[in-house]
file structure_31.cif (mmCIF, C-alpha atoms)
data_start
#
loop_
_atom_site.label_atom_id
_atom_site.label_comp_id
_atom_site.auth_asym_id
_atom_site.auth_seq_id
_atom_site.Cartn_x
_atom_site.Cartn_y
_atom_site.Cartn_z
CA MET X 202 -11.51 25.39 21.69
CA ARG X 203 -11.64 21.61 21.42
CA THR X 204 -8.76 19.53 20.11
CA ILE X 205 -9.50 16.78 17.57
CA LEU X 206 -6.66 14.27 17.37
CA VAL X 207 -6.48 12.20 14.17
CA VAL X 208 -4.31 9.12 14.60
CA GLY X 209 -2.91 8.26 11.17
CA GLY X 210 -2.72 10.20 7.93
CA GLY X 211 -3.79 7.48 5.49
CA TYR X 212 -6.96 7.56 3.39
CA ALA X 213 -9.46 7.84 6.23
CA GLY X 214 -7.31 10.14 8.35
CA PHE X 215 -6.34 12.45 5.51
CA TYR X 216 -9.90 12.86 4.24
CA THR X 217 -11.23 13.37 7.77
CA ALA X 218 -8.77 16.21 8.42
CA TRP X 219 -9.20 17.66 4.92
CA LYS X 220 -12.98 17.83 5.22
CA LEU X 221 -12.86 19.07 8.83
CA GLU X 222 -10.80 22.04 7.68
CA LYS X 223 -13.58 22.97 5.28
CA LYS X 224 -16.52 22.36 7.62
CA LEU X 225 -15.36 23.62 11.02
CA ARG X 226 -16.06 27.22 11.92
CA ARG X 227 -13.23 29.47 13.03
CA ASP X 228 -12.26 28.66 16.64
CA GLU X 229 -14.76 25.78 16.78
CA ALA X 230 -12.02 23.15 17.08
CA ARG X 231 -8.40 22.59 16.13
CA VAL X 232 -7.20 19.46 14.32
CA ILE X 233 -3.96 17.56 14.94
CA VAL X 234 -2.80 14.70 12.68
CA VAL X 235 -0.07 12.34 13.89
CA ASP X 236 1.62 10.15 11.28
CA PRO X 237 5.21 8.94 10.79
CA ARG X 238 5.14 9.90 7.10
CA PRO X 239 4.62 13.42 5.72
CA TYR X 240 2.31 12.14 3.00
CA MET X 241 -0.68 9.93 2.27
CA THR X 242 0.09 7.01 -0.02
CA TYR X 243 -2.45 6.46 -2.78
CA GLN X 244 -2.03 2.69 -2.70
CA PRO X 245 -3.99 1.83 -5.90
CA PHE X 246 -1.14 3.46 -7.82
CA LEU X 247 1.58 1.32 -6.23
CA PRO X 248 1.36 -1.44 -8.90
CA GLU X 249 1.87 1.23 -11.56
CA VAL X 250 4.79 2.65 -9.59
CA LEU X 251 6.29 -0.86 -9.80
CA ALA X 252 5.93 -0.78 -13.57
CA GLY X 253 7.15 2.78 -13.99
CA SER X 254 3.77 3.96 -15.31
CA VAL X 255 3.37 6.41 -12.39
CA GLU X 256 6.16 8.41 -10.78
CA ALA X 257 6.65 7.50 -7.12
CA ARG X 258 6.07 11.03 -5.85
CA HIS X 259 2.79 11.24 -7.78
CA ALA X 260 1.42 8.34 -5.70
CA ALA X 261 2.12 10.31 -2.52
CA VAL X 262 -0.10 13.22 -1.45
CA SER X 263 1.72 15.75 0.72
CA LEU X 264 -0.07 16.41 4.02
CA ARG X 265 1.41 19.90 4.43
CA ARG X 266 0.49 20.91 0.89
CA HIS X 267 -3.19 20.16 1.43
CA LEU X 268 -3.83 20.44 5.18
CA HIS X 269 -3.25 24.16 5.68
CA LYS X 270 -5.06 24.61 9.02
CA THR X 271 -4.11 21.29 10.61
CA LYS X 272 -1.19 20.82 12.98
CA LEU X 273 0.96 17.95 11.74
CA VAL X 274 3.06 15.87 14.12
CA THR X 275 5.67 13.54 12.61
CA GLY X 276 5.58 10.50 14.82
CA THR X 277 3.64 7.39 15.78
CA VAL X 278 0.88 7.10 18.37
CA VAL X 279 1.97 4.07 20.41
CA ALA X 280 -0.76 4.15 23.08
CA VAL X 281 -4.14 5.75 23.72
CA ASP X 282 -5.56 6.32 27.20
CA HIS X 283 -9.03 7.52 26.30
CA ALA X 284 -10.18 7.56 29.91
CA HIS X 285 -7.75 10.44 30.46
CA ARG X 286 -7.98 11.80 26.89
CA THR X 287 -4.25 11.29 26.34
CA ALA X 288 -2.22 9.73 23.53
CA THR X 289 1.45 8.75 23.75
CA VAL X 290 3.44 9.87 20.71
CA ARG X 291 6.82 8.47 19.67
CA PRO X 292 8.47 11.08 17.42
CA ALA X 293 11.12 10.37 14.82
CA ASP X 294 13.69 11.96 17.16
CA GLY X 295 13.63 12.54 20.89
CA PRO X 296 11.69 10.97 23.75
CA GLU X 297 8.04 9.97 23.75
CA PHE X 298 5.55 12.56 24.94
CA ALA X 299 1.90 12.78 25.96
CA LEU X 300 -0.57 14.60 23.72
CA GLY X 301 -3.90 15.64 25.19
CA TYR X 302 -7.11 15.82 23.20
CA ASP X 303 -10.86 16.24 23.54
CA ILE X 304 -11.95 14.08 20.58
CA ILE X 305 -9.99 11.24 19.04
CA VAL X 306 -10.25 9.80 15.53
CA VAL X 307 -8.48 6.45 15.18
CA THR X 308 -7.51 5.86 11.55
CA ALA X 309 -4.13 4.25 12.11
CA GLY X 310 -4.65 1.68 9.37
CA ALA X 311 -3.67 -1.97 9.31
CA VAL X 312 -0.17 -3.43 8.98
CA THR X 313 1.21 -6.09 6.67
CA ARG X 314 0.41 -9.56 7.99
CA LYS X 315 3.64 -11.45 8.60
CA LEU X 316 3.99 -15.18 9.08
CA ALA X 317 6.83 -16.99 10.82
CA VAL X 318 8.36 -18.31 7.61
CA PRO X 319 12.16 -18.75 7.73
CA GLY X 320 13.96 -16.24 5.54
CA VAL X 321 10.97 -14.00 4.77
CA ALA X 322 11.91 -11.25 7.22
CA GLU X 323 15.43 -11.12 5.73
CA GLN X 324 14.55 -11.49 2.03
CA ALA X 325 11.04 -10.21 1.28
CA ILE X 326 9.77 -6.71 0.48
CA GLY X 327 6.24 -5.59 1.28
CA MET X 328 4.02 -3.56 -1.04
CA LYS X 329 2.19 -1.12 1.19
CA HIS X 330 4.29 2.04 0.81
CA VAL X 331 5.85 4.05 -2.00
CA GLU X 332 9.38 3.25 -0.83
CA GLU X 333 8.69 -0.47 -1.16
CA ALA X 334 7.24 -0.12 -4.66
CA VAL X 335 10.28 1.88 -5.80
CA ALA X 336 12.66 -0.67 -4.28
CA ILE X 337 10.90 -3.55 -6.06
CA ARG X 338 11.13 -1.80 -9.43
CA ASP X 339 14.79 -0.90 -8.95
CA ARG X 340 15.62 -4.46 -7.86
CA LEU X 341 14.12 -5.85 -11.06
CA LEU X 342 15.91 -3.33 -13.30
CA THR X 343 19.22 -3.95 -11.53
CA ALA X 344 18.71 -7.72 -11.82
CA PHE X 345 18.42 -7.37 -15.61
CA ASP X 346 21.63 -5.34 -15.74
CA ARG X 347 23.51 -7.92 -13.68
CA ALA X 348 22.06 -10.94 -15.47
CA ALA X 349 22.96 -9.53 -18.89
CA THR X 350 26.68 -9.71 -18.00
CA LEU X 351 26.59 -13.26 -16.64
CA GLU X 352 26.87 -16.60 -18.37
CA PRO X 353 23.82 -18.90 -18.04
CA GLY X 354 23.85 -20.55 -14.63
CA PRO X 355 22.29 -20.61 -11.14
CA LEU X 356 23.00 -16.94 -10.29
CA ARG X 357 21.57 -15.71 -13.58
CA ARG X 358 18.44 -17.84 -13.10
CA LYS X 359 18.01 -16.48 -9.58
CA LEU X 360 18.33 -12.86 -10.74
CA LEU X 361 15.63 -13.39 -13.37
CA THR X 362 13.20 -15.09 -10.99
CA VAL X 363 10.53 -13.05 -9.17
CA THR X 364 8.12 -14.35 -6.52
CA PHE X 365 4.91 -12.74 -5.28
CA VAL X 366 3.33 -14.29 -2.19
CA GLY X 367 -0.39 -13.55 -1.85
CA GLY X 368 -3.14 -13.60 -4.48
CA GLY X 369 -5.28 -10.70 -3.31
CA PHE X 370 -5.65 -7.45 -5.21
CA SER X 371 -2.22 -6.07 -4.19
CA GLY X 372 -0.41 -9.26 -5.11
CA VAL X 373 -2.17 -9.88 -8.42
CA GLU X 374 -1.96 -6.26 -9.59
CA GLY X 375 1.69 -5.98 -8.57
CA PHE X 376 2.49 -9.32 -10.21
CA GLY X 377 0.74 -8.37 -13.45
CA GLU X 378 2.33 -4.92 -13.68
CA LEU X 379 5.86 -6.11 -12.87
CA LEU X 380 5.49 -8.98 -15.34
CA SER X 381 4.43 -6.44 -17.97
CA LEU X 382 7.52 -4.34 -17.24
CA ALA X 383 9.82 -7.38 -17.34
CA ARG X 384 8.47 -8.57 -20.70
CA SER X 385 8.94 -5.09 -22.16
CA LEU X 386 12.55 -5.02 -20.91
CA LEU X 387 13.44 -8.03 -23.06
CA ARG X 388 13.56 -5.78 -26.13
CA ARG X 389 16.33 -3.76 -24.47
CA TYR X 390 18.28 -6.78 -23.25
CA PRO X 391 19.04 -9.07 -26.21
CA GLU X 392 21.40 -11.02 -23.93
CA VAL X 393 18.40 -12.33 -21.94
CA ASP X 394 16.35 -15.17 -23.39
CA PRO X 395 12.58 -14.77 -22.69
CA ALA X 396 12.53 -18.38 -21.45
CA GLU X 397 14.91 -17.42 -18.63
CA LEU X 398 12.37 -15.04 -17.10
CA ARG X 399 10.42 -16.75 -14.28
CA PHE X 400 7.54 -15.13 -12.39
CA HIS X 401 5.86 -17.08 -9.58
CA LEU X 402 2.59 -16.11 -7.84
CA VAL X 403 1.92 -18.16 -4.69
CA GLU X 404 -1.56 -18.31 -3.13
CA ALA X 405 -2.60 -20.47 -0.16
CA ARG X 406 -6.23 -20.77 -1.30
CA ASP X 407 -7.62 -22.48 -4.38
CA ARG X 408 -8.24 -19.18 -6.19
CA ILE X 409 -6.94 -15.63 -6.53
CA LEU X 410 -8.80 -12.31 -6.31
CA PRO X 411 -11.49 -13.31 -3.78
CA GLU X 412 -13.34 -10.04 -4.55
CA VAL X 413 -14.40 -11.38 -7.97
CA THR X 414 -16.39 -14.53 -8.74
CA ASP X 415 -14.90 -17.86 -9.75
CA GLU X 416 -14.89 -17.62 -13.56
CA PRO X 417 -13.32 -14.15 -13.78
CA GLY X 418 -10.74 -15.33 -11.24
CA ARG X 419 -9.89 -18.34 -13.42
CA TRP X 420 -9.65 -16.06 -16.46
CA VAL X 421 -7.07 -13.93 -14.63
CA VAL X 422 -5.01 -17.04 -13.87
CA ARG X 423 -5.14 -18.12 -17.52
CA SER X 424 -4.20 -14.60 -18.65
CA LEU X 425 -1.17 -14.44 -16.35
CA GLU X 426 0.02 -17.91 -17.32
CA LYS X 427 -0.37 -17.13 -21.03
CA ARG X 428 2.04 -14.22 -20.52
CA GLY X 429 4.63 -16.47 -18.86
CA GLY X 430 3.64 -16.29 -15.20
CA GLN X 431 3.35 -19.37 -13.01
CA VAL X 432 0.45 -19.38 -10.53
CA HIS X 433 0.74 -21.79 -7.60
CA LEU X 434 -2.68 -22.32 -5.96
CA ASN X 435 -3.20 -24.23 -2.71
CA ALA X 436 0.46 -23.57 -1.97
CA GLN X 437 2.30 -21.89 0.89
CA VAL X 438 5.86 -20.69 1.26
CA VAL X 439 7.56 -22.99 3.75
CA SER X 440 10.99 -21.35 3.61
CA ALA X 441 12.77 -18.53 1.80
CA ARG X 442 16.25 -18.67 3.34
CA ASP X 443 18.85 -16.89 1.20
CA GLY X 444 16.26 -16.53 -1.57
CA HIS X 445 15.72 -20.30 -1.90
CA VAL X 446 11.93 -20.60 -1.98
CA VAL X 447 10.36 -23.86 -0.85
CA LEU X 448 6.62 -24.36 -1.34
CA SER X 449 4.34 -26.73 0.55
CA THR X 450 3.67 -28.50 -2.77
CA GLY X 451 7.32 -29.56 -2.99
CA VAL X 452 8.29 -27.02 -5.64
CA GLU X 453 11.66 -25.31 -5.01
CA PHE X 454 13.46 -22.51 -6.82
CA ASP X 455 15.86 -19.62 -6.18
CA SER X 456 14.42 -16.10 -6.38
CA ASP X 457 16.31 -12.82 -6.11
CA LEU X 458 13.13 -10.77 -5.55
CA ILE X 459 10.37 -11.87 -3.14
CA VAL X 460 7.34 -9.60 -2.66
CA TRP X 461 5.13 -10.29 0.37
CA THR X 462 1.44 -9.35 -0.09
CA VAL X 463 -0.45 -11.83 2.08
CA GLY X 464 -2.92 -9.30 3.47
CA ASN X 465 -3.39 -7.11 6.50
CA ALA X 466 -3.18 -7.65 10.25
CA ALA X 467 -4.62 -5.59 13.10
CA ASN X 468 -2.64 -2.50 14.04
CA PRO X 469 -0.56 -3.35 17.15
CA MET X 470 -1.45 -0.07 18.87
CA VAL X 471 -5.19 -0.64 18.41
CA ARG X 472 -4.95 -4.30 19.33
CA SER X 473 -2.80 -4.01 22.45
CA HIS X 474 -2.23 -0.43 23.59
CA THR X 475 -5.57 1.31 23.95
CA ASP X 476 -8.54 1.18 26.31
CA LEU X 477 -10.95 1.55 23.38
CA PRO X 478 -13.09 -1.53 22.63
CA ILE X 479 -11.85 -4.00 20.01
CA ASP X 480 -13.29 -7.19 18.51
CA GLU X 481 -11.83 -10.69 18.45
CA ARG X 482 -9.62 -9.81 15.45
CA GLY X 483 -8.08 -6.81 17.21
CA MET X 484 -10.08 -4.32 15.14
CA LEU X 485 -11.64 -1.19 16.63
CA THR X 486 -15.34 -1.70 17.41
CA VAL X 487 -17.38 1.07 15.76
CA ARG X 488 -21.03 1.76 15.07
CA ALA X 489 -22.52 2.43 11.66
CA ASP X 490 -22.09 6.18 12.19
CA LEU X 491 -18.36 5.54 12.86
CA ARG X 492 -18.56 6.34 16.57
CA VAL X 493 -16.48 3.92 18.66
CA GLY X 494 -18.54 1.42 20.66
CA THR X 495 -21.87 -0.27 20.09
CA GLU X 496 -25.41 1.01 19.61
CA SER X 497 -26.17 0.36 23.26
CA ASP X 498 -22.78 1.42 24.63
CA PRO X 499 -21.12 4.19 22.58
CA VAL X 500 -17.78 5.65 23.69
CA PRO X 501 -17.98 9.43 24.03
CA ASP X 502 -15.64 11.55 21.90
CA ALA X 503 -14.09 8.59 20.07
CA TRP X 504 -14.44 7.81 16.37
CA GLY X 505 -12.81 5.34 14.01
CA ALA X 506 -12.68 4.35 10.34
CA GLY X 507 -10.47 2.72 7.73
CA ASP X 508 -8.56 -0.54 7.83
CA ASP X 509 -8.20 -0.64 11.64
CA ALA X 510 -11.95 -0.40 12.27
CA ALA X 511 -14.69 -3.03 11.98
CA VAL X 512 -17.25 -0.79 10.26
CA PRO X 513 -20.67 -2.48 9.89
CA ASP X 514 -21.53 -3.07 6.23
CA LEU X 515 -25.16 -1.98 6.02
CA ALA X 516 -25.20 -2.70 2.28
CA ALA X 517 -24.69 -6.42 3.00
CA GLY X 518 -28.18 -6.66 4.45
CA ARG X 519 -27.20 -8.95 7.31
CA PRO X 520 -25.70 -8.29 10.76
CA GLY X 521 -22.11 -9.04 11.71
CA VAL X 522 -20.60 -8.17 8.32
CA ALA X 523 -17.88 -5.51 8.21
CA THR X 524 -16.84 -3.42 5.22
CA VAL X 525 -13.92 -4.66 3.15
CA PRO X 526 -10.68 -2.83 4.09
CA ASN X 527 -9.99 -1.01 0.84
CA ALA X 528 -9.55 2.52 -0.48
CA GLN X 529 -13.09 2.70 -1.83
CA HIS X 530 -14.50 2.47 1.70
CA ALA X 531 -11.75 4.35 3.56
CA VAL X 532 -12.12 7.50 1.45
CA ARG X 533 -15.89 7.62 1.87
CA GLN X 534 -15.68 6.80 5.58
CA GLY X 535 -13.23 9.66 6.10
CA LYS X 536 -15.56 12.14 4.42
CA LEU X 537 -18.57 10.95 6.44
CA LEU X 538 -16.50 10.94 9.62
CA ALA X 539 -15.78 14.65 9.23
CA ARG X 540 -19.45 15.42 8.65
CA ASN X 541 -20.55 13.36 11.67
CA ILE X 542 -17.96 14.95 13.99
CA VAL X 543 -19.16 18.41 12.99
CA ALA X 544 -22.77 17.33 13.41
CA SER X 545 -21.99 15.98 16.88
CA LEU X 546 -20.22 19.20 17.89
CA ARG X 547 -23.27 21.19 16.85
CA GLY X 548 -25.82 18.90 18.46
CA ARG X 549 -27.16 17.47 15.23
CA LYS X 550 -27.92 13.87 14.31
CA THR X 551 -25.17 11.76 12.76
CA LYS X 552 -25.62 9.62 9.65
CA PRO X 553 -24.76 5.92 9.24
CA TYR X 554 -22.19 4.79 6.71
CA LEU X 555 -23.83 3.08 3.75
CA HIS X 556 -22.05 2.46 0.48
CA HIS X 557 -23.07 0.10 -2.30
CA SER X 558 -20.02 -1.17 -4.13
CA LEU X 559 -19.29 0.31 -7.53
CA GLY X 560 -17.71 -2.98 -8.55
CA THR X 561 -14.12 -4.18 -8.52
CA VAL X 562 -11.48 -3.28 -11.06
CA ALA X 563 -7.88 -4.44 -11.28
CA THR X 564 -4.94 -3.75 -13.56
CA LEU X 565 -3.04 -6.79 -14.81
CA GLY X 566 -0.35 -4.93 -16.73
CA LEU X 567 -0.16 -2.39 -19.52
CA GLY X 568 -3.38 -2.58 -21.54
CA ARG X 569 -4.80 -5.46 -19.47
CA GLY X 570 -7.37 -5.45 -16.69
CA ILE X 571 -10.57 -6.90 -15.32
CA PHE X 572 -13.76 -5.28 -14.00
CA GLN X 573 -16.77 -6.89 -12.36
CA TYR X 574 -20.02 -5.39 -11.13
CA ARG X 575 -22.41 -8.12 -10.05
CA ARG X 576 -22.79 -10.27 -13.20
CA ILE X 577 -21.20 -7.75 -15.53
CA VAL X 578 -17.59 -8.68 -16.35
CA ILE X 579 -15.31 -6.61 -18.61
CA LYS X 580 -11.86 -7.86 -19.55
CA GLY X 581 -8.74 -6.62 -21.30
CA LEU X 582 -8.14 -3.10 -22.61
CA PRO X 583 -11.60 -1.64 -21.73
CA ALA X 584 -11.22 -2.76 -18.09
CA TRP X 585 -7.69 -1.33 -17.97
CA LEU X 586 -8.94 2.03 -19.26
CA MET X 587 -11.72 1.94 -16.65
CA HIS X 588 -9.10 1.31 -13.95
CA ARG X 589 -7.04 4.28 -15.03
CA GLY X 590 -10.04 6.54 -15.44
CA TYR X 591 -11.47 5.70 -12.03
CA HIS X 592 -8.24 6.19 -10.13
CA VAL X 593 -7.19 9.41 -11.81
CA LEU X 594 -10.56 10.80 -10.70
CA ALA X 595 -10.21 9.32 -7.21
CA VAL X 596 -6.68 10.52 -6.39
CA PRO X 597 -6.94 13.66 -4.22
CA SER X 598 -6.42 17.15 -5.66
CA TRP X 599 -6.29 18.42 -9.23
CA GLU X 600 -2.56 18.90 -8.89
CA ARG X 601 -2.04 15.14 -8.52
CA LYS X 602 -4.55 14.31 -11.28
CA VAL X 603 -2.72 16.53 -13.77
CA ARG X 604 0.69 15.13 -12.83
CA VAL X 605 -0.47 11.52 -13.23
CA LEU X 606 -2.18 12.25 -16.57
CA ALA X 607 0.98 13.98 -17.81
CA ILE X 608 3.21 11.00 -17.02
CA TRP X 609 0.74 8.60 -18.65
CA LEU X 610 0.70 10.69 -21.84
CA THR X 611 4.49 10.94 -21.83
CA ALA X 612 4.84 7.17 -21.40
CA ALA X 613 2.36 6.58 -24.24
CA VAL X 614 4.63 8.54 -26.58
CA PHE X 615 8.13 7.67 -25.36
CA GLY X 616 7.59 4.46 -23.36
CA ARG X 617 8.39 3.76 -19.73
CA ASP X 618 11.63 4.91 -18.15
CA ILE X 619 13.86 1.93 -17.40
CA VAL X 620 16.58 3.60 -15.34
CA SER X 621 17.29 1.92 -12.00
CA LEU X 622 18.08 4.18 -9.07
CA ALA X 623 18.82 1.39 -6.63
CA ALA X 624 21.93 3.25 -5.51
CA VAL X 625 19.64 5.84 -3.89
CA GLN X 626 19.08 3.35 -1.07
CA GLU X 627 22.78 3.71 -0.16
CA PRO X 628 23.56 7.31 -1.16
CA ARG X 629 26.93 7.53 0.62
CA GLU X 630 28.47 4.45 -0.98
CA ALA X 631 29.82 6.29 -4.03
CA PHE X 632 31.12 9.11 -1.83
CA VAL X 633 32.87 6.77 0.61
CA THR X 634 34.28 4.50 -2.10
CA GLY X 635 35.38 7.47 -4.18
CA GLY X 636 37.05 9.04 -1.16
CA GLU X 637 39.02 5.88 -0.45
CA THR X 638 40.10 5.64 -4.07
CA GLU X 639 41.27 9.26 -4.11
CA GLN X 640 43.19 8.85 -0.86
CA GLY X 641 44.86 5.77 -2.25
CA ALA X 642 45.84 7.64 -5.39
CA ARG X 643 47.36 10.44 -3.30
CA ARG X 644 49.42 7.95 -1.27
CA GLU X 645 50.71 6.34 -4.47
CA TYR X 646 51.57 9.78 -5.88
CA ALA X 647 53.42 10.73 -2.66
CA ARG X 648 55.44 7.51 -2.71
CA ALA X 649 56.34 8.04 -6.34
CA ALA X 650 57.44 11.61 -5.65
#
call {"tool": "encode", "arguments": {"input": "structure_31.cif", "output": "structure tokens"}}
result
Amino acid sequence: MRTILVVGGGYAGFYTAWKLEKKLRRDEARVIVVDPRPYMTYQPFLPEVLAGSVEARHAAVSLRRHLHKTKLVTGTVVAVDHAHRTATVRPADGPEFALGYDIIVVTAGAVTRKLAVPGVAEQAIGMKHVEEAVAIRDRLLTAFDRAATLEPGPLRRKLLTVTFVGGGFSGVEGFGELLSLARSLLRRYPEVDPAELRFHLVEARDRILPEVTDEPGRWVVRSLEKRGGQVHLNAQVVSARDGHVVLSTGVEFDSDLIVWTVGNAANPMVRSHTDLPIDERGMLTVRADLRVGTESDPVPDAWGAGDDAAVPDLAAGRPGVATVPNAQHAVRQGKLLARNIVASLRGRKTKPYLHHSLGTVATLGLGRGIFQYRRIVIKGLPAWLMHRGYHVLAVPSWERKVRVLAIWLTAAVFGRDIVSLAAVQEPREAFVTGGETEQGARREYARAA
């Protein structure tokens, strides 16, 4: 029985394994998925996790709950030697080990692109995983609690200042949703003046949301600024030491919360630790049918999809264009990948990946959004409803759909929960501090006795 190794349990990897379970015959092949996390993150929900509109666990799809026939390995593939059909796995605990396979599926995904900006590594939070989204929300809620007890001054201004770096979909959606949450918090914090709240969105190019055309992009900027946001175009972060943000335009301000969403970079394992072919950007070279290699020189028993693969975009109608690295493509590529692997195992012809975009839709905060399909542009509440409707249908499994719908309905009636659980990030602090206090009390009691 052949072994199919799936490297990465994100969109493409999860859907590949999920569909393989349904299509493979008994004893035809076994599937192994290696991923450091026990769940797939549904990233389009992360902006709503920021705003408290979706519970964090509802944006995570458990691998063990849905992959019943697949062997799951908690770890990271750090190298692939395809010539010898061997992958090196670094587990969460213990030494690295070699894992043999017959067929490999590389869906490791991309990583957050980091720049050598002083202070960013120490101060910023990414927005690629559920843990990061939860931390951002808790930081904002905690900042309000702290600021409400302070007199007006530099520290209070810093606590109420939020900075998003990067004007792509992740940055703009996260910025809009967190701004929506912050404005709604003002009703609960009469000590905070609305004028004290400062939200900065920094983008190096002359526009945001490159996936939409110019006029809708300008409308988004106007909408965010009307709600109190400040959008800095043609600007770069030069420094962020100790939360003091310096922009290339000369603007400076202190910010307690810095969110880094400047885009993706090639996966280090794919770029530097595999003998599979890559392009000049460090992306896996794949054919239209998702087999690794080129039309003239395919690599046997190797497949790839998702954000770490340069998948030809046949819908573009011109050579050399790769599909945009987003969930819309990764999900469909994973499903096709499973079908093509099964077809290859059974000696049948594989099919090329071809997907015509359904348009782009983004949430900009509660009740606000934008949708564009070619020349059709929809703004405001209708676009926001379209965003929610599309993603509740797209999130895997009926169990997750029902949970998300339930929390949306609850929030519509009772509002969003505004409790910060920032202390969860240091769960032993209360125990240790409480223990010291109790010991001190016992010593005082003994001395008194």
call {"tool": "residues_near_point", "arguments": {"input": "structure_31.cif", "point": "(-12.5, -5.7, 3.4)", "cutoff": "10 Å", "atoms": "all atoms listed in the file", "output": "PyMOL selection string"}}
result
chain X and resi 412+465+507-508+511-512+514+522-530
call {"tool": "closest_residue", "arguments": {"input": "structure_31.cif", "among": "X:Thr414, X:Ser456, X:Gln324, X:Ser424", "to": "Val363 of chain X", "atoms": "all atoms listed in the file"}}
result
X:Ser456
call {"tool": "residues_around", "arguments": {"input": "structure_31.cif", "residues": "segment 459-464 of chain X", "least_positions_apart": "6", "cutoff": "10 Å", "atoms": "only C-alpha atoms", "output": "ChimeraX atom specification"}}
result
/X:311-316,321-322,324-329,333-334,337,362-373,375-376,401-405,441,444,446
call {"tool": "resolve_selection", "arguments": {"input": "structure_31.cif", "expression": "the PyMOL selection byres ((chain X and resi 289) around 6)", "output": "number ranges by chain"}}
result
X: 278-280, 288, 290, 298-299
call {"tool": "resolve_selection", "arguments": {"input": "structure_31.cif", "expression": "the PyMOL selection byres ((chain X and resi 341-352) around 7)", "output": "PyMOL selection string"}}
result
chain X and resi 337-340+353-354+357+360-361+390+392-393+619+621
call {"tool": "resolve_selection", "arguments": {"input": "structure_31.cif", "expression": "the PyMOL selection byres ((chain X and resi 286) around 10)", "output": "list of chain:residue names"}}
result
X:Leu206, X:Val281, X:Asp282, X:His283, X:Ala284, X:His285, X:Thr287, X:Ala288, X:Ala299, X:Leu300, X:Gly301, X:Tyr302, X:Asp303, X:Ile304, X:Ile305, X:Asp502, X:Ala503
call {"tool": "closest_residue", "arguments": {"input": "structure_31.cif", "among": "X:Arg226, X:Lys580, X:Arg231, X:Arg258", "to": "Gly418 of chain X", "atoms": "only C-alpha atoms"}}
result
X:Lys580
call {"tool": "residues_around", "arguments": {"input": "structure_31.cif", "residues": "Pro417 of chain X", "least_positions_apart": "3", "cutoff": "12 Å", "atoms": "all atoms listed in the file", "output": "MDAnalysis selection string"}}
result
chainID X and resid 408:414 420:424 561:563 570:581
